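Worksheet: one structure, shown below.
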Amino acid sequence: MTSTPAPASTLALQTGLPVVVIGAGPVGLAAAAHLTDRGLTPLVLEAGDHVGAAMRAWGHIRTFTPWQYIVDPTAEKLLAPTGWTRPAGDVPPAGAEVVADYLEPLADVLGDAVVRTGTRVVAVTRDGLDKSRTLGREQRPFLVRVQDRDDTVRDVRAAAVIDASGTWGQRNPLGASGLPAVGEAEAEAAGVLVGPLPDVLVTDRDRFAGRRTLVVGMGHSAANTLLNLAQLAREEPGTEVVWAIRSTDARRLFGGGEADQLPDRGKLGTDLHSLVLSGAIEHHAGFAITGLELTGDGTVTVVGQIADGERRMAGVHNVAAATGFRPDVAMLSEVRLDLDAGLEAPRQLAPLVDPAFHSCGTVPPHGHRELAHPGEPGFYVVGMKSYGRAPTFLITTGNEQVRSIAAHLAGDDAAADEVQLVLPETGVCSVTLPLTDDDAAAPGGSCCGTAPAAEVPAEVDAAHAAWANGEARIGFATGVEGGRAADIDGGLLPLTQVRSQVGGSCCG
Ligand SMILES: Cc1cc2nc3c(=O)[nH]c(=O)nc-3n(C[C@H](O)[C@H](O)[C@H](O)COP(=O)(O)OP(=O)(O)OC[C@H]3O[C@@H](n4cnc5c(N)ncnc54)[C@H](O)[C@@H]3O)c2cc1C
């Protein structure tokens with residue numbers, strides 16, 4: 001299935017240089033725990049002033065996975081002598097709780113010499129070689145350029161580099177075509193745009209109370225913000241909540257409801273569905289944003305294309321862009337990256353997580369081989385960033401990624417290749433949630449109906465079948481069967497015409 005990558009930078013490892021980990025989020029810190037456990041020397045470089053900087057930004061939001069799917073077993077082992085135990089119970093923690101109750105104690109036990117905050121990585125290359133130089137490449141250490149809090153720039157040498165810097169810092173634009181909408185930069189500069197998860201009910205309350213806010217996007221961030229805004233609207237008269245999605249069908253987000261094995265995630269979708277049906281949230285489907293026009297009175301007019309022409313949404317005070325994220329590959333421009341051209345995920349991994357075809361499939365366990373960049377041995381992208389533009393990453397997957405990579409870097413390929421992952425299943429495909437009362441009456445809304453075959457590229461099917469034919473594993477179904485291909489605008493197919501996928505089908 002996968003080609004064998006060139007050996008990790010073994011010579012460089014023998015020099016005693018550290019393995020640099022970029023980012024002190026849950027996956028970066030888990031990587032440091034695994035490297036320590038393997039007798040290697042990690043050096044975690046974190047841009048923020050504190051560990052878990054990205055998670056802190058959405059600390060008011062409850063995660064949807066319980067602690068068992070967050071805490072890395074090796075990190076737990078490292079923490080045990082301090083008396084730390086994994087928080088009990090099945091209630092998923094808020095982002096802030098994950099930081100305070102897990103990431104901070106883990107960083108403390110790793111120590112200040114290992115975890116450096118206020119240190120932003122701005123570029124990665126090979127020491128003494130630019131990207132065009134092939135010969136002797138893997139014999140050279142990496143050179144990691146960092147910018148400290150006081151703007152001092154310096155270079156750090158590394159035996160290997162694990163990029164766990166996430167994607168939180170780079171949201172997708174509002175524009176429907178991958179580019180910012182016309183006027184988006186001006187609207188951002190004017191302060192009309194907010195991030196995907198503003199703290200609507202507490203810190204940012206005044207900004208939203210009594211005002212009209214448009215939420216754009218169709219992921220769990222959008223759902224969280226909409227639910228909080230709907231609560232604010234009940235408490236603060238005059239608060240208006242508008243939701244626009246490019247897709248013509250929101251069922252993917254409404255999800256599996258009670259059938260979801262992550263009940264908090266299922267509940268999110270069900271609650272949102274009720275609010276849309278009741279009219280508490282003004283919902284616009286099939287709305288592709290093309291422009292934002294500042295009006296001079298503190299509001300913006302949002303311009304979009306709908307099926308029968310242009311629609312203008314006037315009087316919007318805030319636009320919450322919950323449009324997903326994309327990886328920052330600019331800082332890796334001197335690395336011989338092997339990324340899928342579309343998803344910007346490692347080439348071998350991309351077909352296994354491609355949301356166009358696999359949202360109802362499962363994410364197979366994967367490790368150092370799928371995450372390798374054959375032209376750059378010793379360099380890996382892990383965690384949220386490893387999924388590129390695919391939105392379905394879970395921390396527990398990242399924990400397994402870094403376990404495998406640390407074992408490989410330590411020369412234990414037997415352990416590195418034994419990738420294992422048990423993820424919660426979801427029932428998103430086995431329920432049909434109507435969007436409107438008319439939909440409820442209409443037959444054939446389920447993705448599990450009999451269906452003519454959709455065009456799924458051969459390499460996607462092959463990659464999926466390769467792992468599906470192995471031993472039975474439990475995986476994470478990530479949306480309606482067929483992924484975005486099931487969205488009418490995404491795959492140009494009605495939902496009922498998406499075929500069952502090999503192995504990953506939720507339809508039995
Ligand atoms: C609202 C929300 C809820 C989620 N809930 C769950 C959940 O319940 N369960 C689950 O499994 N997953 C969940 N996820 C998805 C994902 O697992 C999390 O986003 C998780 O935090 C990803 O971990 P990470 O370590 O890969 O990246 P991050 O947590 O984003 O950490 C990356 C770190 O790198 C730092 N950094 C960035 N750039 C640089 C740089 N150039 N130099 C140095 N440091 C840098 C950042 O400051 C940050 O601290 C959720 C995501 C969101 C947004």
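Residues in the structure tokens are named by chain (A, B, ... in the order shown) and by number from 1 within that chain; ligands are numbered from 1 in the order shown.
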
Neighbourhood of ligand 1 at 8 Å, counting only C-alpha atoms and all ligand atoms, reported as a VMD selection string: chain A and resid 22 to 29 45 to 48 50 to 55 58 61 to 66 69 to 70 92 95 119 to 123 146 164 to 169 197 220 to 221 224 331 382 to 386 392 to 398

Emit the selected residues as a compact mmCIF listing (two decimals), in the first residue's frame, including C-alpha atoms.
# COMPACT_ATOMS: atom_id res chain seq x y z
CA ILE A 22 6.50 22.82 16.37
CA GLY A 23 3.54 23.72 18.58
CA ALA A 24 2.54 22.88 22.15
CA GLY A 25 -1.02 21.80 21.49
CA PRO A 26 -2.26 18.38 22.59
CA VAL A 27 -0.49 16.57 19.75
CA GLY A 28 2.80 18.46 20.02
CA LEU A 29 3.00 17.79 23.75
CA LEU A 45 8.68 25.49 20.21
CA GLU A 46 5.36 27.24 20.89
CA ALA A 47 4.42 30.57 19.34
CA GLY A 48 1.94 31.51 22.05
CA HIS A 50 1.35 29.65 27.02
CA VAL A 51 0.98 26.04 25.96
CA GLY A 52 -2.29 25.13 24.26
CA ALA A 53 -2.55 28.63 22.77
CA ALA A 54 -5.01 27.60 20.05
CA MET A 55 -7.23 25.68 22.46
CA TRP A 58 -11.80 28.41 22.05
CA ILE A 61 -16.34 25.66 23.95
CA ARG A 62 -16.96 22.14 25.21
CA THR A 63 -15.20 19.42 23.26
CA PHE A 64 -17.26 16.49 22.05
CA THR A 65 -14.89 13.71 23.06
CA PRO A 66 -14.54 12.51 26.64
CA TYR A 69 -10.03 10.24 23.61
CA ILE A 70 -7.92 13.25 24.56
CA PRO A 92 -16.32 16.04 27.57
CA GLY A 95 -11.15 23.56 25.79
CA THR A 119 8.92 31.11 20.22
CA ARG A 120 7.39 31.18 16.76
CA VAL A 121 8.83 29.00 14.01
CA VAL A 122 8.99 31.07 10.83
CA ALA A 123 10.81 28.64 8.50
CA VAL A 146 12.49 31.03 15.10
CA ALA A 164 2.27 19.97 15.11
CA SER A 165 1.37 23.63 14.62
CA GLY A 166 -2.32 23.02 13.86
CA THR A 167 -4.40 25.11 11.51
CA TRP A 168 -6.15 27.47 13.93
CA GLY A 169 -4.08 30.46 12.75
CA LEU A 197 -15.76 30.84 17.86
CA HIS A 220 -19.10 22.19 14.43
CA SER A 221 -17.62 25.66 15.02
CA ASN A 224 -21.49 26.10 18.46
CA MET A 331 6.87 28.35 6.51
CA VAL A 382 1.11 15.68 12.43
CA GLY A 383 -2.06 16.55 14.32
CA MET A 384 -4.74 18.82 12.94
CA LYS A 385 -2.34 20.13 10.30
CA SER A 386 -1.71 16.62 8.94
CA THR A 392 -12.35 15.72 10.62
CA PHE A 393 -9.28 15.35 12.81
CA LEU A 394 -9.47 13.91 16.34
CA ILE A 395 -6.77 14.23 19.02
CA THR A 396 -6.67 10.49 19.65
CA THR A 397 -5.63 10.00 16.00
CA GLY A 398 -2.79 12.47 16.51

Which residues come within 9 Å of range 227-233 of chain A, counting only C-alpha atoms, excluding same-chain residues fewer than 5 positions away, as a list in words?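 Neighbouring residues, sequence-local ones excluded: Asp199, Val200, Leu201, Arg205, Phe208, Ala209, Gly210, Thr213, Ala222, Gly238, Thr239, Glu240, Val241, Leu268, Asp271, Leu272, Leu275, Ala280 and Ile281 of chain A.
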
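The neighbours of range 171-175 of chain A here are the residues that come within 6 Å of it, using only C-alpha atoms and leaving out any residue fewer than 4 positions away in the same chain; they are Leu179, Pro180, Ala181, Ile289, Thr290, Thr323, Gly324 and Phe325 of chain A.
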
Quick one: write out the picked residues with C-alpha atoms as an mmCIF file, in the first residue's frame?
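Final output, saved to part08.cif:
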data_model
loop_
_atom_site.group_PDB
_atom_site.id
_atom_site.type_symbol
_atom_site.label_atom_id
_atom_site.label_comp_id
_atom_site.auth_asym_id
_atom_site.auth_seq_id
_atom_site.Cartn_x
_atom_site.Cartn_y
_atom_site.Cartn_z
ATOM 1 C CA LEU A 179 -10.170 33.354 -2.481
ATOM 2 C CA PRO A 180 -11.285 36.133 -0.145
ATOM 3 C CA ALA A 181 -14.569 37.670 -1.285
ATOM 4 C CA ILE A 289 -20.566 34.693 -0.826
ATOM 5 C CA THR A 290 -18.954 36.859 -3.496
ATOM 6 C CA THR A 323 -15.436 28.439 7.194
ATOM 7 C CA GLY A 324 -12.804 25.969 8.354
ATOM 8 C CA PHE A 325 -9.059 26.176 8.258
#

Per DSSP on the backbone, what are the strand (DSSP E) residues of range 171-408 of chain A, as a PyMOL selection string? chain A and resi 193-194+212-216+240-244+282-284+288-294+300-306+309-316+318-321+379-381

Take the residues that were just selected and, keeping C-alpha atoms, output them as a short mmCIF file (atom, residue, chain, number, x, y, z; two decimals), in the first residue's frame.
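Produced file part-v8.cif, reproduced below:
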data_model
loop_
_atom_site.label_atom_id
_atom_site.label_comp_id
_atom_site.auth_asym_id
_atom_site.auth_seq_id
_atom_site.Cartn_x
_atom_site.Cartn_y
_atom_site.Cartn_z
CA LEU A 193 -15.37 39.97 10.83
CA VAL A 194 -14.94 37.81 13.90
CA ARG A 212 -27.55 41.12 13.67
CA THR A 213 -24.84 38.47 13.21
CA LEU A 214 -24.27 36.30 10.20
CA VAL A 215 -22.54 32.96 10.81
CA VAL A 216 -20.99 31.40 7.72
CA GLU A 240 -30.72 38.45 15.31
CA VAL A 241 -29.05 35.25 14.16
CA VAL A 242 -28.53 34.49 10.49
CA TRP A 243 -26.82 31.40 9.13
CA ALA A 244 -25.55 31.06 5.57
CA GLU A 282 -32.72 32.57 9.83
CA HIS A 283 -31.16 29.99 7.52
CA HIS A 284 -29.93 30.60 3.98
CA ALA A 288 -22.15 31.48 -2.12
CA ILE A 289 -20.57 34.69 -0.83
CA THR A 290 -18.95 36.86 -3.50
CA GLY A 291 -18.60 40.26 -1.83
CA LEU A 292 -18.79 42.34 1.33
CA GLU A 293 -19.71 46.00 1.11
CA LEU A 294 -19.11 48.35 4.05
CA VAL A 300 -21.92 45.43 6.05
CA THR A 301 -23.99 44.17 3.12
CA VAL A 302 -23.09 40.61 2.30
CA VAL A 303 -23.48 39.77 -1.39
CA GLY A 304 -23.89 36.22 -2.60
CA GLN A 305 -24.96 34.06 -5.49
CA ILE A 306 -28.00 31.85 -5.12
CA GLY A 309 -29.18 35.12 -9.21
CA GLU A 310 -27.73 37.50 -6.66
CA ARG A 311 -28.93 37.99 -3.10
CA ARG A 312 -27.92 40.91 -0.87
CA MET A 313 -28.04 40.58 2.89
CA ALA A 314 -28.04 44.08 4.38
CA GLY A 315 -27.62 45.40 7.91
CA VAL A 316 -25.19 42.79 9.19
CA ASN A 318 -20.91 40.97 12.60
CA VAL A 319 -19.84 38.16 10.31
CA ALA A 320 -18.53 35.07 12.09
CA ALA A 321 -16.37 33.20 9.60
CA PHE A 379 10.30 15.63 8.66
CA TYR A 380 6.64 15.08 9.56
CA VAL A 381 3.43 17.07 9.73
#

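Counting only C-alpha atoms, the residue from A:Asn399, A:Ser247, A:Gln139, A:Gln68 that sits nearest to Thr15 in chain A is A:Gln139.
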
DSSP on the backbone: what in range 1-181 of chain A comes out helix (DSSP H, G or I), as a PyMOL selection string? chain A and resi 10-14+26-37+53-57+67-69+73-82+95-110+137-139
